[in-house]
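First comes the structure, then the notes that go with it.
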Amino acid sequence: MSRPGRVEGPRYRNFGEALHAPDTQALLLALERDGFEARLVGGCVRDGLLGHVIKDVDIATTAAPDVVMTIARGEGFRAHPTGIDHGTVTVVSGAIHHPLEVTTLRRDVETHGRRAVVAFTTDWVEDAMRRDFTINALYCDRNGVFFDPLGTGRKDLDNRQVRFIGDARARIQEDYLRILRFFRFFGRFADGPPNAEALMAIEAETDGLKLLSAERVRDELLKILTAGMRLEEALSSMQQTGVLDLLFGPADWKKRVQHILRYRQIVSHDLPEYDLNGGEVSLGFLAGVTQETILDFSDKMRLSNHARRFLSNVFLLVESGIFRPDTDETAFRKATHRLGLMGQGELLTAGRWAWALSDDLIDCQWRLDQIRSLETMHFPEMPLGGKDVIALGVAPGPDVGEILREFRQWWIEQNCPSDEVLLRQKLSEFARPFTPNR
């Protein structure tokens with residue numbers, strides 16, 4: 001997920017492509033030509049040293065933000081002050097819409113656990129000290145020379161260690177989102193156990209998560225659940241430090257984590273292109289699989305209306321019992337039609353969800369075959385609707401919907417007949433209690 005105001009850029013196959021891209025080199029050279037220093041920084045350098053694909057290119061510079069905009073525009077770029085209070089300017093090439101995020105070196109003046117007041121500096125060590133983890137405090141100039149101002153980032157990256165810079169509690173108190181970021185970076189990059197000092201600091205500062213907005217917490221949780229290669233270890237550490245209890249309430253975390261891991265295993269082996277809302281589904285397992293908890297956590301985490309409806313629909317499908325082994329194809333079709341949830345993605349997710357919750361995976365294999373069979377099933381549209389009900393003398397309003405629900409259930413139970421005379425006769429019977437004067 002991109003940062004606010006950030007334009008999505010291309011992915012580079014390696015660090016060399018990112019560093020030597022014409023726009024990157026042109027901007028770095030222009031800043032240096034005017035007497036300033038400029039280096040690539042953070043995630044693109046870290047991922048580049050690991051040989052990963054590069055998506056975002058971030059640049060740190062000694063030039064002030066207004067100077068960066070002047071220089072960039074002089075080179076034919078568009079420049080947008082996307083985070084001017086924190087020294088950030090987004091520079092975009094008009095030719096290929098390639099974003100470069102350029103931030104002036106800075107140091108923290110005040111921190112409030114959620115955001116900071118910063119002052120600009122020309123000191124690379126000061127800029128590195130305000131960052132979160134040692135592996136994110138690495139820089140590279142336009143000639144490919146790497147810089148490690150703190151002297152620990154490159155070693156930690158080589159050893160696959162995720163450590164806070166300096167005092168772990170102090171770094172967390174600057175921004176409590178770093179608690180969740182630690183688990184995300186651990187799951188993605190670390191080898192071996194999590195850093196003991198980091199876990200002690202997190203356990204002591206867990207309550208600080210209450211200060212964060214639901215949106216920031218949600219977005220970071222989704223990144224943990226969708227990007228971590230060591231998800232089980234990350235979630236286990238979140239449970240041990242009290243993070244999961246604080247966010248979701250006490251629970252049998254071993255069982256809930258196993259549900260997530262089983263769901264991910266099923267997805268990886270079966271039509272991964274249908275893994276719609278995969279992160280939200282895993283959040284649903286963390287929240288607890290009941291209709292009440294699904295709705296509660298959807299509100300708490302400020303999920304989108306689409307994600308909320310998707311999860312609610314999936315849960316209704318699971319709870320309806322259509323995935324029980326004794327459900328035949330006709331009952332399966334009627335149940336899915338009655339619920340009005342014929343979307344292949346929702347049905348497949350529901351099947352995976354039911355499978356992940358099952359104690360017997362072998363007996364549940366048929367569920368996915370059942371879902372795939374829906375591709376060849378035909379679900380006819382109900383021939384009569386609200387206008388036909390109103391034509392019978394029913395006043396527009398909730399009564400129309402109630403009549404249609406009862407009529408639709410009868411229609412499905414009768415195998416969706418198409419005889420118009422029969423249909424209108426039956427609709428009239430359902431409408432009669434609501435038209436006493438007729």
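Going through the structure tokens in order, the chains are called A, B, and so on, while each chain numbers its residues from 1 and the ligands are numbered from 1 in the order shown.
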
Could you give me, as number ranges by chain, the residues within 9 Å of Val41 (chain A), counting only C-alpha atoms and dropping anything in the same chain fewer than 2 positions from it?
A: 39, 43-46, 57-60, 136-141

Taking 3 positions as the minimum chain separation for residues in the same chain, which residues sit within 9 Å of region 386-392 of chain A when counting only C-alpha atoms? Answer as a ChimeraX atom specification.
/A:395-396,400-401,403-404,424,427-428,431-432,435,438

When you look at Phe186 (chain A) with a cut-off of 10 Å (counting only C-alpha atoms), what residues show up, excluding the ones that are within fewer than 4 positions of it in the same chain? I need them as a compact mmCIF listing (two decimals) with N, CA and C atoms, in the first residue's frame.
```txt
# COMPACT_ATOMS: atom_id res chain seq x y z
N ARG A 160 20.97 -10.79 8.93
CA ARG A 160 19.50 -10.87 8.97
C ARG A 160 18.96 -10.63 10.38
N GLN A 161 19.41 -9.54 10.98
CA GLN A 161 18.95 -9.14 12.30
C GLN A 161 18.16 -7.84 12.19
N VAL A 162 16.98 -7.81 12.84
CA VAL A 162 16.18 -6.58 12.87
C VAL A 162 16.31 -6.00 14.27
N ARG A 163 16.96 -4.83 14.36
CA ARG A 163 17.21 -4.18 15.66
C ARG A 163 16.82 -2.71 15.58
N LEU A 180 4.49 -2.50 15.56
CA LEU A 180 3.99 -3.39 14.51
C LEU A 180 4.99 -3.50 13.36
N ARG A 181 5.68 -2.41 13.06
CA ARG A 181 6.68 -2.45 12.00
C ARG A 181 7.80 -3.44 12.34
N PHE A 182 8.14 -3.54 13.62
CA PHE A 182 9.17 -4.50 14.00
C PHE A 182 8.77 -5.92 13.60
N ALA A 190 14.23 -11.37 8.89
CA ALA A 190 15.09 -11.90 9.94
C ALA A 190 15.35 -13.39 9.81
N ASP A 191 16.52 -13.80 10.29
CA ASP A 191 16.85 -15.18 10.57
C ASP A 191 17.05 -15.29 12.08
N GLY A 192 16.77 -16.47 12.63
CA GLY A 192 16.96 -16.64 14.05
C GLY A 192 15.84 -16.01 14.86
N PRO A 193 15.97 -16.01 16.19
CA PRO A 193 14.91 -15.46 17.05
C PRO A 193 14.86 -13.95 16.98
N PRO A 194 13.73 -13.35 17.36
CA PRO A 194 13.65 -11.89 17.38
C PRO A 194 14.58 -11.30 18.43
N ASN A 195 15.00 -10.07 18.19
CA ASN A 195 15.92 -9.38 19.09
C ASN A 195 15.30 -9.25 20.48
N ILE A 224 1.72 -7.14 7.71
CA ILE A 224 2.28 -8.28 8.43
C ILE A 224 1.69 -9.59 7.91
N GLY A 228 4.84 -11.39 5.26
CA GLY A 228 5.84 -12.06 6.08
C GLY A 228 6.10 -13.49 5.66
N MET A 229 7.36 -13.84 5.48
CA MET A 229 7.72 -15.22 5.21
C MET A 229 7.73 -16.04 6.50
N ARG A 230 7.95 -15.39 7.64
CA ARG A 230 7.98 -16.07 8.93
C ARG A 230 6.79 -15.61 9.76
N LEU A 231 5.63 -15.76 9.17
CA LEU A 231 4.42 -15.23 9.80
C LEU A 231 4.14 -15.90 11.14
N GLU A 233 6.17 -17.17 13.37
CA GLU A 233 7.06 -16.66 14.41
C GLU A 233 6.71 -15.22 14.77
N ALA A 234 6.36 -14.42 13.76
CA ALA A 234 5.99 -13.03 14.03
C ALA A 234 4.75 -12.94 14.89
N SER A 237 5.40 -14.02 18.48
CA SER A 237 6.05 -12.96 19.26
C SER A 237 5.07 -11.84 19.61
```

Any idea what's packed within 12 Å of Leu27 (chain A), counting only C-alpha atoms, ignoring anything in its chain fewer than 6 positions away? Could you give it as a ChimeraX atom specification?
/A:19-21,33-34,36-40,57-61,68-79,90-93,98-102,141-142

File dump, residues just selected, N, CA and C atoms, as a CSV table (one decimal), in the first residue's frame:
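Saved file out_3.csv follows:
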```csv
chain,number,residue,atom,x,y,z
A,19,LEU,N,19.1,2.5,-9.4
A,19,LEU,CA,20.1,3.6,-9.2
A,19,LEU,C,20.4,4.3,-10.5
A,20,HIS,N,20.6,3.5,-11.6
A,20,HIS,CA,21.0,4.1,-12.9
A,20,HIS,C,19.9,4.5,-13.8
A,21,ALA,N,18.6,4.4,-13.3
A,21,ALA,CA,17.5,4.9,-14.1
A,21,ALA,C,17.8,6.4,-14.5
A,33,ARG,N,25.2,19.2,-8.4
A,33,ARG,CA,25.7,20.3,-9.2
A,33,ARG,C,25.5,21.6,-8.5
A,34,ASP,N,24.4,21.7,-7.7
A,34,ASP,CA,24.1,23.0,-7.0
A,34,ASP,C,24.7,23.0,-5.6
A,36,PHE,N,24.8,20.5,-3.2
A,36,PHE,CA,24.2,19.7,-2.1
A,36,PHE,C,24.6,18.2,-2.3
A,37,GLU,N,24.4,17.5,-1.2
A,37,GLU,CA,24.6,16.0,-1.2
A,37,GLU,C,23.3,15.4,-1.4
A,38,ALA,N,23.3,14.2,-2.1
A,38,ALA,CA,22.0,13.5,-2.2
A,38,ALA,C,22.4,12.0,-2.4
A,39,ARG,N,21.6,11.2,-1.7
A,39,ARG,CA,21.9,9.7,-1.7
A,39,ARG,C,20.5,9.0,-1.6
A,40,LEU,N,20.5,7.8,-2.3
A,40,LEU,CA,19.4,6.9,-2.1
A,40,LEU,C,19.4,6.4,-0.6
A,57,VAL,N,11.8,4.5,-4.9
A,57,VAL,CA,13.1,5.1,-4.8
A,57,VAL,C,13.0,6.3,-4.0
A,58,ASP,N,13.7,6.3,-2.8
A,58,ASP,CA,13.7,7.4,-1.9
A,58,ASP,C,15.1,8.0,-1.9
A,59,ILE,N,15.1,9.3,-1.8
A,59,ILE,CA,16.4,10.1,-1.8
A,59,ILE,C,16.4,11.0,-0.6
A,60,ALA,N,17.6,11.0,0.1
A,60,ALA,CA,17.8,11.9,1.2
A,60,ALA,C,18.8,13.0,0.7
A,61,THR,N,18.6,14.2,1.1
A,61,THR,CA,19.5,15.3,0.6
A,61,THR,C,19.7,16.4,1.6
A,68,VAL,N,14.8,21.9,-3.3
A,68,VAL,CA,14.6,20.7,-4.0
A,68,VAL,C,13.6,20.9,-5.1
A,69,MET,N,12.5,21.6,-4.8
A,69,MET,CA,11.5,21.8,-5.8
A,69,MET,C,12.0,22.7,-6.9
A,70,THR,N,12.8,23.7,-6.6
A,70,THR,CA,13.3,24.6,-7.6
A,70,THR,C,14.2,23.9,-8.5
A,71,ILE,N,15.1,23.1,-7.9
A,71,ILE,CA,16.1,22.4,-8.8
A,71,ILE,C,15.4,21.3,-9.6
A,72,ALA,N,14.4,20.6,-9.1
A,72,ALA,CA,13.7,19.6,-9.8
A,72,ALA,C,12.9,20.2,-11.0
A,73,ARG,N,12.3,21.3,-10.7
A,73,ARG,CA,11.5,22.0,-11.8
A,73,ARG,C,12.4,22.5,-12.9
A,74,GLY,N,13.6,22.9,-12.5
A,74,GLY,CA,14.6,23.4,-13.5
A,74,GLY,C,15.1,22.3,-14.4
A,75,GLU,N,15.0,21.1,-13.9
A,75,GLU,CA,15.4,19.9,-14.7
A,75,GLU,C,14.2,19.3,-15.5
A,76,GLY,N,13.1,20.0,-15.5
A,76,GLY,CA,11.9,19.5,-16.2
A,76,GLY,C,11.0,18.6,-15.5
A,77,PHE,N,11.3,18.3,-14.2
A,77,PHE,CA,10.4,17.5,-13.4
A,77,PHE,C,9.2,18.3,-12.8
A,78,ARG,N,8.2,17.5,-12.5
A,78,ARG,CA,7.1,18.1,-11.6
A,78,ARG,C,7.4,17.8,-10.2
A,79,ALA,N,7.2,18.8,-9.3
A,79,ALA,CA,7.5,18.6,-7.9
A,79,ALA,C,6.3,19.0,-7.0
A,90,THR,N,7.7,15.1,-3.5
A,90,THR,CA,7.6,14.0,-4.5
A,90,THR,C,7.9,14.6,-5.9
A,91,VAL,N,8.9,14.1,-6.5
A,91,VAL,CA,9.4,14.5,-7.8
A,91,VAL,C,9.0,13.5,-8.9
A,92,VAL,N,8.3,14.0,-9.9
A,92,VAL,CA,7.8,13.1,-11.0
A,92,VAL,C,8.2,13.6,-12.3
A,93,SER,N,8.7,12.6,-13.2
A,93,SER,CA,9.0,12.8,-14.5
A,93,SER,C,7.7,12.9,-15.4
A,98,HIS,N,7.4,8.7,-13.3
A,98,HIS,CA,8.2,7.9,-12.3
A,98,HIS,C,8.4,8.8,-11.1
A,99,PRO,N,7.9,8.3,-9.9
A,99,PRO,CA,8.0,9.2,-8.7
A,99,PRO,C,9.3,8.9,-8.0
A,100,LEU,N,9.9,10.0,-7.5
A,100,LEU,CA,11.1,9.9,-6.6
A,100,LEU,C,10.7,10.7,-5.4
A,101,GLU,N,10.8,10.1,-4.2
A,101,GLU,CA,10.5,10.8,-3.0
A,101,GLU,C,11.7,11.4,-2.4
A,102,VAL,N,11.8,12.7,-2.3
A,102,VAL,CA,13.1,13.3,-1.8
A,102,VAL,C,12.8,14.0,-0.5
A,141,ASP,N,25.2,6.6,-2.8
A,141,ASP,CA,25.3,7.8,-3.7
A,141,ASP,C,25.1,7.4,-5.2
A,142,ARG,N,25.2,8.3,-6.1
A,142,ARG,CA,24.8,8.0,-7.5
A,142,ARG,C,25.9,7.2,-8.1
```

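Looking only at region 129-158 of chain A, the set that DSSP places in helix (DSSP H, G or I) from backbone geometry is A:Met129, A:Thr134, A:Ile135, A:Asn136, A:Gly153, A:Arg154, A:Lys155, A:Asp156, A:Leu157, A:Asp158.
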
For the residues in the current selection, export N, CA and C atoms as a JSON list (two decimals), in the first residue's frame.
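That gives us part_23.json:
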```
[["chain", "number", "residue", "atom", "x", "y", "z"],
["A", 129, "MET", "N", 20.04, 8.56, 12.87],
["A", 129, "MET", "CA", 19.66, 8.27, 14.26],
["A", 129, "MET", "C", 18.15, 8.34, 14.47],
["A", 134, "THR", "N", 18.19, -0.41, 12.23],
["A", 134, "THR", "CA", 19.53, -0.22, 11.66],
["A", 134, "THR", "C", 19.57, -0.56, 10.18],
["A", 135, "ILE", "N", 18.79, -1.56, 9.76],
["A", 135, "ILE", "CA", 18.84, -1.98, 8.35],
["A", 135, "ILE", "C", 18.16, -0.97, 7.44],
["A", 136, "ASN", "N", 17.45, 0.01, 8.03],
["A", 136, "ASN", "CA", 16.82, 1.06, 7.23],
["A", 136, "ASN", "C", 17.64, 2.35, 7.21],
["A", 153, "GLY", "N", 24.24, -1.01, 10.39],
["A", 153, "GLY", "CA", 23.17, -1.42, 9.48],
["A", 153, "GLY", "C", 23.58, -2.53, 8.52],
["A", 154, "ARG", "N", 24.76, -2.38, 7.91],
["A", 154, "ARG", "CA", 25.21, -3.37, 6.92],
["A", 154, "ARG", "C", 25.45, -4.73, 7.59],
["A", 155, "LYS", "N", 26.05, -4.71, 8.77],
["A", 155, "LYS", "CA", 26.31, -5.96, 9.49],
["A", 155, "LYS", "C", 25.00, -6.64, 9.87],
["A", 156, "ASP", "N", 24.04, -5.86, 10.39],
["A", 156, "ASP", "CA", 22.75, -6.45, 10.77],
["A", 156, "ASP", "C", 22.02, -7.00, 9.55],
["A", 157, "LEU", "N", 22.15, -6.32, 8.42],
["A", 157, "LEU", "CA", 21.50, -6.81, 7.20],
["A", 157, "LEU", "C", 22.14, -8.11, 6.75],
["A", 158, "ASP", "N", 23.47, -8.19, 6.80],
["A", 158, "ASP", "CA", 24.17, -9.42, 6.41],
["A", 158, "ASP", "C", 23.79, -10.57, 7.33]]
```

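Shortest separation to Arg131 (chain A) among A:Ser213, A:Gly42, A:Gly284, A:Gln414 occurs at residue A:Gly42, atoms counted being only C-alpha atoms.
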
Figure out the distance between CA of Ile179 (chain A) and CA of Glu280 (chain A), please, to one decimal in Å.
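Going from CA of Glu280 (chain A) over to CA of Ile179 (chain A), I get 20.1 Å.
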
Can you tell me which residues surround Leu357 (chain A) at a distance of at most 9 Å, considering only C-alpha atoms, apart from same-chain residues fewer than 6 positions away, and format the answer as a ChimeraX atom specification?
/A:259,262-263

Convert the current residue selection to file output with all heavy atoms, as a short mmCIF file (atom, residue, chain, number, x, y, z; two decimals), in the first residue's frame.
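Result written to result_7.cif:
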```cif
data_model
loop_
_atom_site.label_atom_id
_atom_site.label_comp_id
_atom_site.auth_asym_id
_atom_site.auth_seq_id
_atom_site.Cartn_x
_atom_site.Cartn_y
_atom_site.Cartn_z
N HIS A 259 -5.17 -21.46 12.14
CA HIS A 259 -6.19 -21.25 11.11
C HIS A 259 -5.64 -20.39 9.97
O HIS A 259 -5.87 -20.67 8.79
CB HIS A 259 -7.42 -20.56 11.72
CG HIS A 259 -8.21 -21.45 12.61
ND1 HIS A 259 -9.08 -20.97 13.57
CD2 HIS A 259 -8.28 -22.81 12.70
CE1 HIS A 259 -9.64 -21.98 14.21
NE2 HIS A 259 -9.18 -23.10 13.69
N ARG A 262 -3.07 -22.38 7.95
CA ARG A 262 -3.75 -23.39 7.13
C ARG A 262 -4.42 -22.72 5.93
O ARG A 262 -4.36 -23.24 4.81
CB ARG A 262 -4.77 -24.14 7.97
CG ARG A 262 -5.39 -25.33 7.25
CD ARG A 262 -6.39 -26.04 8.13
NE ARG A 262 -5.74 -26.69 9.26
CZ ARG A 262 -6.42 -27.27 10.26
NH1 ARG A 262 -7.74 -27.24 10.27
NH2 ARG A 262 -5.77 -27.86 11.24
N TYR A 263 -5.04 -21.58 6.16
CA TYR A 263 -5.69 -20.86 5.06
C TYR A 263 -4.65 -20.47 4.01
O TYR A 263 -4.86 -20.64 2.81
CB TYR A 263 -6.39 -19.61 5.60
CG TYR A 263 -7.02 -18.76 4.53
CD1 TYR A 263 -8.27 -19.06 4.01
CD2 TYR A 263 -6.35 -17.66 4.01
CE1 TYR A 263 -8.83 -18.30 3.01
CE2 TYR A 263 -6.90 -16.88 3.01
CZ TYR A 263 -8.15 -17.21 2.52
OH TYR A 263 -8.70 -16.44 1.52
#
```

Each residue of region 216-328 of chain A with at least one atom at most 12 Å from region 166-176 of chain A should appear once, together with its nearest atom pair and the corresponding distance in Å (one decimal); atoms considered: only C-alpha atoms; ordering: chain, then increasing residue number; output as CSV.
```
residue,atom,partner,partner_atom,distance
A:Arg216,CA,A:Tyr176,CA,10.4
A:Val217,CA,A:Tyr176,CA,9.8
A:Glu220,CA,A:Tyr176,CA,11.6
A:Val243,CA,A:Tyr176,CA,11.7
```

Write the selection just made, keeping C-alpha atoms, as a JSON list (two decimals), in the first residue's frame?
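As a result, part_20.json now contains:
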```json
[["chain", "number", "residue", "atom", "x", "y", "z"],
["A", 216, "ARG", "CA", -2.57, 3.02, 10.71],
["A", 217, "VAL", "CA", -2.91, -0.13, 12.82],
["A", 220, "GLU", "CA", 0.35, -2.32, 9.25],
["A", 243, "VAL", "CA", 0.21, -7.07, 21.29]]
```

Hey, can you check how far CA of Ile294 (chain A) sits from CA of Val318 (chain A)?
12.8 Å

Between CA of His80 (chain A) and CA of Asp47 (chain A), what distance in Å does the model show, to one decimal?
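Atom-to-atom, CA of His80 (chain A) to CA of Asp47 (chain A), that is 25.8 Å.
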
Using only C-alpha atoms, which residue out of A:Ile266, A:Ile165, A:Leu150, A:Leu286 lies closest to Arg130 (chain A)?
A:Ile165
